[in-house]
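What follows is the content of input_36.pdb, which has PDB, C-alpha atoms:
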```pdb
ATOM      1  CA  MET A   1       0.000   0.000   0.000  1.00  0.00           C
ATOM      2  CA  ALA A   2       1.552   3.326  -1.024  1.00  0.00           C
ATOM      3  CA  ALA A   3       1.785   5.511   2.079  1.00  0.00           C
ATOM      4  CA  LYS A   4       0.599   8.541   0.150  1.00  0.00           C
ATOM      5  CA  SER A   5      -2.829   7.009  -0.376  1.00  0.00           C
ATOM      6  CA  ILE A   6      -3.620   7.350   3.360  1.00  0.00           C
ATOM      7  CA  ASP A   7      -3.872  10.509   5.452  1.00  0.00           C
ATOM      8  CA  ILE A   8      -4.556  10.007   9.171  1.00  0.00           C
ATOM      9  CA  GLN A   9      -4.615  12.951  11.558  1.00  0.00           C
ATOM     10  CA  ILE A  10      -5.757  13.518  15.139  1.00  0.00           C
ATOM     11  CA  LEU A  11      -5.730  17.225  15.825  1.00  0.00           C
ATOM     12  CA  GLN A  12      -6.283  19.720  18.648  1.00  0.00           C
ATOM     13  CA  GLU A  13      -7.205  22.500  16.222  1.00  0.00           C
ATOM     14  CA  PRO A  14     -10.339  22.771  14.053  1.00  0.00           C
ATOM     15  CA  LEU A  15     -10.480  20.239  11.223  1.00  0.00           C
ATOM     16  CA  SER A  16     -10.416  21.327   7.581  1.00  0.00           C
ATOM     17  CA  ILE A  17     -12.839  19.759   5.120  1.00  0.00           C
ATOM     18  CA  ASN A  18     -10.744  21.280   2.329  1.00  0.00           C
ATOM     19  CA  ASN A  19      -7.593  19.513   3.494  1.00  0.00           C
ATOM     20  CA  CYS A  20      -9.341  16.127   3.450  1.00  0.00           C
ATOM     21  CA  TYR A  21     -10.994  16.836   0.106  1.00  0.00           C
ATOM     22  CA  ASN A  22      -7.760  18.011  -1.479  1.00  0.00           C
ATOM     23  CA  PHE A  23      -5.860  14.979  -0.198  1.00  0.00           C
ATOM     24  CA  VAL A  24      -8.218  12.481  -1.854  1.00  0.00           C
ATOM     25  CA  LEU A  25      -8.864  14.468  -5.042  1.00  0.00           C
ATOM     26  CA  ASN A  26      -7.063  12.949  -8.012  1.00  0.00           C
ATOM     27  CA  GLU A  27      -7.507  12.420 -11.731  1.00  0.00           C
ATOM     28  CA  LYS A  28      -8.080   8.655 -11.501  1.00  0.00           C
ATOM     29  CA  CYS A  29     -11.287   9.184  -9.548  1.00  0.00           C
ATOM     30  CA  GLY A  30     -14.777  10.141 -10.567  1.00  0.00           C
ATOM     31  CA  GLY A  31     -16.243  10.087  -7.069  1.00  0.00           C
ATOM     32  CA  ILE A  32     -15.394  11.598  -3.709  1.00  0.00           C
ATOM     33  CA  ASP A  33     -17.478  10.857  -0.637  1.00  0.00           C
ATOM     34  CA  LEU A  34     -17.196  12.949   2.504  1.00  0.00           C
ATOM     35  CA  PHE A  35     -18.599  12.210   5.934  1.00  0.00           C
ATOM     36  CA  VAL A  36     -18.501  15.077   8.425  1.00  0.00           C
ATOM     37  CA  GLY A  37     -19.480  14.387  12.020  1.00  0.00           C
ATOM     38  CA  THR A  38     -20.619  17.515  13.858  1.00  0.00           C
ATOM     39  CA  VAL A  39     -21.644  18.364  17.423  1.00  0.00           C
ATOM     40  CA  ARG A  40     -25.405  18.583  17.875  1.00  0.00           C
ATOM     41  CA  ARG A  41     -27.295  20.443  20.583  1.00  0.00           C
ATOM     42  CA  TRP A  42     -29.805  17.720  21.522  1.00  0.00           C
ATOM     43  CA  ASN A  43     -28.883  14.175  22.487  1.00  0.00           C
ATOM     44  CA  LYS A  44     -31.561  11.834  23.850  1.00  0.00           C
ATOM     45  CA  GLY A  45     -33.653  14.802  24.935  1.00  0.00           C
ATOM     46  CA  LYS A  46     -30.813  16.470  26.828  1.00  0.00           C
ATOM     47  CA  GLU A  47     -29.240  19.763  25.892  1.00  0.00           C
ATOM     48  CA  VAL A  48     -25.544  19.576  25.089  1.00  0.00           C
ATOM     49  CA  SER A  49     -23.297  22.580  25.661  1.00  0.00           C
ATOM     50  CA  HIS A  50     -20.107  21.131  24.133  1.00  0.00           C
ATOM     51  CA  LEU A  51     -18.064  17.918  23.788  1.00  0.00           C
ATOM     52  CA  PHE A  52     -14.587  16.967  24.905  1.00  0.00           C
ATOM     53  CA  PHE A  53     -12.607  14.255  23.098  1.00  0.00           C
ATOM     54  CA  GLU A  54      -9.725  12.335  24.631  1.00  0.00           C
ATOM     55  CA  SER A  55      -7.522   9.904  22.730  1.00  0.00           C
ATOM     56  CA  TYR A  56      -4.866   7.253  23.237  1.00  0.00           C
ATOM     57  CA  LEU A  57      -3.001   8.913  20.416  1.00  0.00           C
ATOM     58  CA  PRO A  58      -0.474   6.366  19.123  1.00  0.00           C
ATOM     59  CA  MET A  59      -2.985   3.505  19.261  1.00  0.00           C
ATOM     60  CA  ALA A  60      -5.771   5.636  17.771  1.00  0.00           C
ATOM     61  CA  ARG A  61      -3.509   6.446  14.804  1.00  0.00           C
ATOM     62  CA  ARG A  62      -2.686   2.758  14.360  1.00  0.00           C
ATOM     63  CA  GLU A  63      -6.333   1.712  14.500  1.00  0.00           C
ATOM     64  CA  MET A  64      -7.341   4.441  12.045  1.00  0.00           C
ATOM     65  CA  ASN A  65      -4.543   3.363   9.722  1.00  0.00           C
ATOM     66  CA  LYS A  66      -5.748  -0.258   9.859  1.00  0.00           C
ATOM     67  CA  ILE A  67      -9.247   0.881   8.883  1.00  0.00           C
ATOM     68  CA  ALA A  68      -7.844   2.960   6.019  1.00  0.00           C
ATOM     69  CA  VAL A  69      -5.776   0.041   4.693  1.00  0.00           C
ATOM     70  CA  GLN A  70      -8.781  -2.262   4.898  1.00  0.00           C
ATOM     71  CA  ALA A  71     -11.049   0.285   3.176  1.00  0.00           C
ATOM     72  CA  ILE A  72      -8.590   0.604   0.291  1.00  0.00           C
ATOM     73  CA  ASP A  73      -8.217  -3.170  -0.049  1.00  0.00           C
ATOM     74  CA  GLN A  74     -11.882  -3.997   0.298  1.00  0.00           C
ATOM     75  CA  PHE A  75     -13.392  -1.241  -1.843  1.00  0.00           C
ATOM     76  CA  GLY A  76     -10.553  -0.464  -4.238  1.00  0.00           C
ATOM     77  CA  LEU A  77     -10.258   3.167  -3.172  1.00  0.00           C
ATOM     78  CA  GLU A  78      -7.573   5.418  -4.562  1.00  0.00           C
ATOM     79  CA  LYS A  79      -7.220   7.552  -1.440  1.00  0.00           C
ATOM     80  CA  ILE A  80      -8.619   7.991   2.022  1.00  0.00           C
ATOM     81  CA  SER A  81      -8.298  10.778   4.564  1.00  0.00           C
ATOM     82  CA  MET A  82      -9.458  10.371   8.181  1.00  0.00           C
ATOM     83  CA  HIS A  83      -9.210  13.320  10.563  1.00  0.00           C
ATOM     84  CA  HIS A  84     -10.434  13.333  14.166  1.00  0.00           C
ATOM     85  CA  ARG A  85     -10.559  16.264  16.530  1.00  0.00           C
ATOM     86  CA  ILE A  86      -9.542  16.035  20.191  1.00  0.00           C
ATOM     87  CA  GLY A  87     -10.067  18.516  23.018  1.00  0.00           C
ATOM     88  CA  LYS A  88     -13.083  20.770  23.401  1.00  0.00           C
ATOM     89  CA  VAL A  89     -15.491  20.986  20.450  1.00  0.00           C
ATOM     90  CA  GLU A  90     -18.368  23.466  20.438  1.00  0.00           C
ATOM     91  CA  LEU A  91     -21.857  22.995  18.956  1.00  0.00           C
ATOM     92  CA  GLU A  92     -21.716  22.670  15.165  1.00  0.00           C
ATOM     93  CA  GLY A  93     -17.979  22.005  15.470  1.00  0.00           C
ATOM     94  CA  VAL A  94     -16.510  19.245  13.323  1.00  0.00           C
ATOM     95  CA  ALA A  95     -15.492  16.184  15.353  1.00  0.00           C
ATOM     96  CA  VAL A  96     -14.522  13.866  12.513  1.00  0.00           C
ATOM     97  CA  ILE A  97     -14.066  13.883   8.738  1.00  0.00           C
ATOM     98  CA  ILE A  98     -13.767  10.877   6.443  1.00  0.00           C
ATOM     99  CA  ALA A  99     -12.986  11.542   2.790  1.00  0.00           C
ATOM    100  CA  VAL A 100     -12.550   8.801   0.207  1.00  0.00           C
ATOM    101  CA  SER A 101     -12.033   8.765  -3.548  1.00  0.00           C
ATOM    102  CA  SER A 102     -12.618   6.019  -6.059  1.00  0.00           C
ATOM    103  CA  LYS A 103     -13.274   5.552  -9.747  1.00  0.00           C
ATOM    104  CA  HIS A 104     -17.032   5.235  -9.239  1.00  0.00           C
ATOM    105  CA  ARG A 105     -19.503   6.397  -6.613  1.00  0.00           C
ATOM    106  CA  LYS A 106     -20.682   3.025  -5.288  1.00  0.00           C
ATOM    107  CA  ALA A 107     -17.322   2.100  -3.787  1.00  0.00           C
ATOM    108  CA  ALA A 108     -16.905   5.618  -2.413  1.00  0.00           C
ATOM    109  CA  PHE A 109     -20.252   5.565  -0.578  1.00  0.00           C
ATOM    110  CA  GLU A 110     -19.671   2.077   0.815  1.00  0.00           C
ATOM    111  CA  ALA A 111     -16.077   2.700   1.862  1.00  0.00           C
ATOM    112  CA  CYS A 112     -16.951   5.960   3.589  1.00  0.00           C
ATOM    113  CA  LYS A 113     -19.670   4.233   5.625  1.00  0.00           C
ATOM    114  CA  PHE A 114     -17.330   1.355   6.430  1.00  0.00           C
ATOM    115  CA  ALA A 115     -14.630   3.757   7.629  1.00  0.00           C
ATOM    116  CA  ILE A 116     -16.811   5.830   9.980  1.00  0.00           C
ATOM    117  CA  ASP A 117     -18.636   2.749  11.328  1.00  0.00           C
ATOM    118  CA  SER A 118     -15.323   1.019  12.011  1.00  0.00           C
ATOM    119  CA  LEU A 119     -13.832   4.126  13.614  1.00  0.00           C
ATOM    120  CA  LYS A 120     -16.712   4.243  16.073  1.00  0.00           C
ATOM    121  CA  LEU A 121     -16.174   0.594  17.011  1.00  0.00           C
ATOM    122  CA  SER A 122     -12.442   0.307  17.516  1.00  0.00           C
ATOM    123  CA  VAL A 123     -10.510   3.572  17.600  1.00  0.00           C
ATOM    124  CA  PRO A 124      -9.527   4.512  21.177  1.00  0.00           C
ATOM    125  CA  ILE A 125     -11.100   7.948  21.338  1.00  0.00           C
ATOM    126  CA  TRP A 126     -13.558   8.927  24.062  1.00  0.00           C
ATOM    127  CA  LYS A 127     -16.251  11.581  24.037  1.00  0.00           C
ATOM    128  CA  LYS A 128     -17.285  13.444  27.167  1.00  0.00           C
ATOM    129  CA  GLU A 129     -20.627  15.143  26.835  1.00  0.00           C
ATOM    130  CA  TYR A 130     -21.091  18.411  28.708  1.00  0.00           C
ATOM    131  CA  LEU A 131     -24.764  19.062  29.259  1.00  0.00           C
ATOM    132  CA  THR A 132     -26.355  22.215  30.592  1.00  0.00           C
ATOM    133  CA  ASN A 133     -26.521  20.311  33.920  1.00  0.00           C
ATOM    134  CA  GLY A 134     -23.485  18.045  34.293  1.00  0.00           C
ATOM    135  CA  SER A 135     -21.140  15.899  32.222  1.00  0.00           C
ATOM    136  CA  HIS A 136     -20.446  12.219  31.504  1.00  0.00           C
ATOM    137  CA  TRP A 137     -18.334   9.951  29.305  1.00  0.00           C
ATOM    138  CA  VAL A 138     -20.477   8.692  26.428  1.00  0.00           C
ATOM    139  CA  ASN A 139     -20.971   4.928  25.995  1.00  0.00           C
ATOM    140  CA  SER A 140     -19.698   4.003  29.433  1.00  0.00           C
ATOM    141  CA  ARG A 141     -22.991   3.093  31.105  1.00  0.00           C
ATOM    142  CA  PRO A 142     -24.202  -0.525  30.814  1.00  0.00           C
TER     143      PRO A 142
ATOM    144  CA  MET B   1       4.225  -2.260  35.512  1.00  0.00           C
ATOM    145  CA  LYS B   2       2.529   0.889  34.349  1.00  0.00           C
ATOM    146  CA  ILE B   3      -1.053   0.979  33.038  1.00  0.00           C
ATOM    147  CA  LEU B   4      -2.351   3.934  31.031  1.00  0.00           C
ATOM    148  CA  CYS B   5      -5.966   4.818  31.857  1.00  0.00           C
ATOM    149  CA  PHE B   6      -8.417   6.738  29.683  1.00  0.00           C
ATOM    150  CA  GLY B   7     -11.937   8.161  29.786  1.00  0.00           C
ATOM    151  CA  ILE B   8     -14.203   6.785  32.505  1.00  0.00           C
ATOM    152  CA  ALA B   9     -11.422   4.406  33.642  1.00  0.00           C
ATOM    153  CA  LYS B  10      -9.166   7.361  34.429  1.00  0.00           C
ATOM    154  CA  ASP B  11     -11.954   8.907  36.530  1.00  0.00           C
ATOM    155  CA  ILE B  12     -12.598   5.655  38.441  1.00  0.00           C
ATOM    156  CA  ILE B  13      -8.944   4.840  39.093  1.00  0.00           C
ATOM    157  CA  GLY B  14      -8.100   8.461  39.785  1.00  0.00           C
ATOM    158  CA  THR B  15      -4.955   8.654  37.686  1.00  0.00           C
ATOM    159  CA  SER B  16      -3.910   8.416  34.043  1.00  0.00           C
ATOM    160  CA  GLU B  17      -0.949   6.151  34.937  1.00  0.00           C
ATOM    161  CA  LEU B  18      -1.498   3.345  37.419  1.00  0.00           C
ATOM    162  CA  ILE B  19       1.587   1.541  38.751  1.00  0.00           C
ATOM    163  CA  LEU B  20       1.193  -2.132  39.738  1.00  0.00           C
ATOM    164  CA  ASP B  21       3.829  -4.219  41.454  1.00  0.00           C
ATOM    165  CA  GLU B  22       3.813  -7.045  38.891  1.00  0.00           C
ATOM    166  CA  HIS B  23       6.398  -8.395  36.462  1.00  0.00           C
ATOM    167  CA  GLN B  24       4.448 -10.883  34.402  1.00  0.00           C
ATOM    168  CA  ILE B  25       0.706 -11.387  34.403  1.00  0.00           C
ATOM    169  CA  THR B  26      -2.052 -12.381  31.992  1.00  0.00           C
ATOM    170  CA  VAL B  27      -4.711  -9.958  30.846  1.00  0.00           C
ATOM    171  CA  ALA B  28      -7.335 -11.964  32.769  1.00  0.00           C
ATOM    172  CA  GLN B  29      -5.277 -11.736  35.966  1.00  0.00           C
ATOM    173  CA  LEU B  30      -4.786  -8.018  35.472  1.00  0.00           C
ATOM    174  CA  LYS B  31      -8.527  -7.502  34.968  1.00  0.00           C
ATOM    175  CA  ASN B  32      -9.277  -9.509  38.127  1.00  0.00           C
ATOM    176  CA  GLN B  33      -6.867  -7.355  40.121  1.00  0.00           C
ATOM    177  CA  LEU B  34      -8.310  -4.142  38.725  1.00  0.00           C
ATOM    178  CA  ASN B  35     -11.906  -5.226  39.310  1.00  0.00           C
ATOM    179  CA  GLU B  36     -11.103  -6.166  42.888  1.00  0.00           C
ATOM    180  CA  LYS B  37      -9.264  -2.937  43.616  1.00  0.00           C
ATOM    181  CA  TYR B  38     -11.708  -0.726  41.688  1.00  0.00           C
ATOM    182  CA  PRO B  39     -15.122  -2.447  41.843  1.00  0.00           C
ATOM    183  CA  LYS B  40     -16.693   0.585  40.159  1.00  0.00           C
ATOM    184  CA  LEU B  41     -15.101  -0.650  36.912  1.00  0.00           C
ATOM    185  CA  LEU B  42     -17.687  -3.469  36.965  1.00  0.00           C
ATOM    186  CA  GLU B  43     -20.575  -1.016  36.979  1.00  0.00           C
ATOM    187  CA  TYR B  44     -19.630   0.011  33.470  1.00  0.00           C
ATOM    188  CA  LYS B  45     -19.534  -1.832  30.177  1.00  0.00           C
ATOM    189  CA  SER B  46     -16.672  -4.267  29.753  1.00  0.00           C
ATOM    190  CA  TYR B  47     -13.330  -2.700  29.028  1.00  0.00           C
ATOM    191  CA  MET B  48     -10.408  -3.914  26.908  1.00  0.00           C
ATOM    192  CA  ILE B  49      -6.719  -4.139  27.649  1.00  0.00           C
ATOM    193  CA  ALA B  50      -4.236  -3.083  24.975  1.00  0.00           C
ATOM    194  CA  ILE B  51      -0.660  -4.376  24.935  1.00  0.00           C
ATOM    195  CA  ASN B  52       1.792  -2.253  22.961  1.00  0.00           C
ATOM    196  CA  GLN B  53      -1.093  -0.427  21.271  1.00  0.00           C
ATOM    197  CA  GLU B  54      -2.916  -3.580  20.123  1.00  0.00           C
ATOM    198  CA  TYR B  55      -6.097  -5.029  21.636  1.00  0.00           C
ATOM    199  CA  ALA B  56      -5.254  -8.117  23.675  1.00  0.00           C
ATOM    200  CA  ASN B  57      -7.332 -11.143  24.680  1.00  0.00           C
ATOM    201  CA  ASP B  58      -7.634 -12.565  28.195  1.00  0.00           C
ATOM    202  CA  GLU B  59      -4.899 -15.165  27.666  1.00  0.00           C
ATOM    203  CA  SER B  60      -2.294 -12.650  26.480  1.00  0.00           C
ATOM    204  CA  LEU B  61       0.766 -12.343  28.674  1.00  0.00           C
ATOM    205  CA  ILE B  62       1.912  -8.926  29.837  1.00  0.00           C
ATOM    206  CA  SER B  63       5.563  -8.267  30.648  1.00  0.00           C
ATOM    207  CA  ILE B  64       6.946  -5.418  32.664  1.00  0.00           C
ATOM    208  CA  ASN B  65       8.281  -3.484  29.671  1.00  0.00           C
ATOM    209  CA  ASP B  66       5.075  -3.659  27.647  1.00  0.00           C
ATOM    210  CA  GLU B  67       2.957  -0.557  27.153  1.00  0.00           C
ATOM    211  CA  ILE B  68      -0.359  -1.412  28.794  1.00  0.00           C
ATOM    212  CA  ALA B  69      -3.582   0.545  28.463  1.00  0.00           C
ATOM    213  CA  LEU B  70      -7.017   0.173  29.978  1.00  0.00           C
ATOM    214  CA  ILE B  71      -9.503   0.926  27.193  1.00  0.00           C
ATOM    215  CA  PRO B  72     -13.090   1.601  28.264  1.00  0.00           C
ATOM    216  CA  PRO B  73     -15.818   1.464  25.581  1.00  0.00           C
ATOM    217  CA  VAL B  74     -14.768   3.872  22.838  1.00  0.00           C
ATOM    218  CA  SER B  75     -17.000   6.733  21.702  1.00  0.00           C
ATOM    219  CA  GLY B  76     -15.193   8.602  18.956  1.00  0.00           C
ATOM    220  CA  GLY B  77     -16.790  10.007  15.832  1.00  0.00           C
TER     221      GLY B  77
END
```

Could you express the structure from this file as structure tokens?
Amino acid sequence: MAAKSIDIQILQEPLSINNCYNFVLNEKCGGIDLFVGTVRRWNKGKEVSHLFFESYLPMARREMNKIAVQAIDQFGLEKISMHHRIGKVELEGVAVIIAVSSKHRKAAFEACKFAIDSLKLSVPIWKKEYLTNGSHWVNSRP
Amino acid sequence: MKILCFGIAKDIIGTSELILDEHQITVAQLKNQLNEKYPKLLEYKSYMIAINQEYANDESLISINDEIALIPPVSGG
């Protein structure tokens, strides 16, 4: 796998959709699919003020890279970019971006879904939800 | 050995780096020790142990120089 086909970043500063788009854009591809995960105000009827993301950085990068390699192999992508934010993220802020490019749209749609679904399952990143009345780590309750 | 703790596990254990007086131990043994010392861990969904930045199963053996992490249920994205 050529290293330049994969772009993995975990960043403290705001994510750039343009950077992800520009990384995957290339003349071999007729389709680019972008998933952008943003912070919403309402979650299960509770009002969110902001989110905080923590990461086990080196392992998170490795897990994201594994997903990227698998997405390329499985769907025949040309390129994939996966960026995740850490630290405090305000409402409407971008928490994650997945961008993929392939010859045709079907593989792009499927690979993009695969990548974000897999990220949510295995990448060691944790979200703390700050509500208007308290805070908690998401996903930790039985 | 040193165990890195994240998310809810860091809150329960009260530190991001837990030191245990062990030299070689399996993942299952480590989990038993942690659950006994920090019973609150059992109130939450099952957690994983990572050895050298890879998810490990219960039979995996941990040595003193390995990088160990306690990984509570992830919630990125």

Neighbours of chain A in chain B at 8 Å, counting only C-alpha atoms, as a ChimeraX atom specification | /B:6-8,43-45,53-54,71-77

Please, what distance in Å, to one decimal, runs between CA of Gly87 in chain A and CA of Gln12 in chain A?
-> 5.9 Å

Looking at only C-alpha atoms, which of A:Asp33, A:Glu92, A:Asp7, A:Glu13 is the one that sits closest to Lys106 in chain A?
-> A:Asp33

Coordinates-based distance that separates CA of Tyr55 in chain B from CA of Lys37 in chain B (Å, one decimal) = 22.3 Å

Quick one: residues within 12 Å of Tyr38 in chain B, all atoms listed in the file counted, chain neighbours fewer than 2 positions away excluded, as a VMD selection string?
-> chain B and resid 9 to 14 18 30 to 36 40 to 44

Between CA of Gln74 in chain A and CA of Lys103 in chain A, distance in Å (one decimal) |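 Rounded to one decimal, the two atoms are 13.9 Å apart.
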
Resolved residues for the PyMOL selection byres ((chain B and resi 19) around 12) as a list in words = Met1, Lys2, Ile3, Leu4, Cys5, Ile13, Gly14, Thr15, Ser16, Glu17, Leu18, Leu20, Asp21, Glu22, His23, Leu30, Leu34, Ile64, Glu67, Ile68 and Ala69 of chain B

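Taken over the shown file, the PyMOL selection byres ((chain A and resi 88) around 6) identifies Leu51, Phe52, Gly87 and Val89 of chain A.
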
To verify the selection step, state as a PyMOL selection string which residues the PyMOL selection byres ((chain A and resi 105) around 12) yields on this input.
-> chain A and resi 29-34+75-77+100-104+106-112

Where's the centre, and what are the edge lengths in Å to one decimal, of a box along x, y and z enclosing all listed atoms of range 19-33 of chain A padded 5 Å per side, as lines of an AutoDock Vina configuration file?
```
center_x = -11.7
center_y = 14.1
center_z = -4.1
size_x = 21.6
size_y = 20.9
size_z = 25.2
```

Would you mind telling me which residue in A:Val24, A:Leu91, A:Ile80, A:Ile8 lies nearest to Val48 in chain A when using all atoms listed in the file?
-> A:Leu91
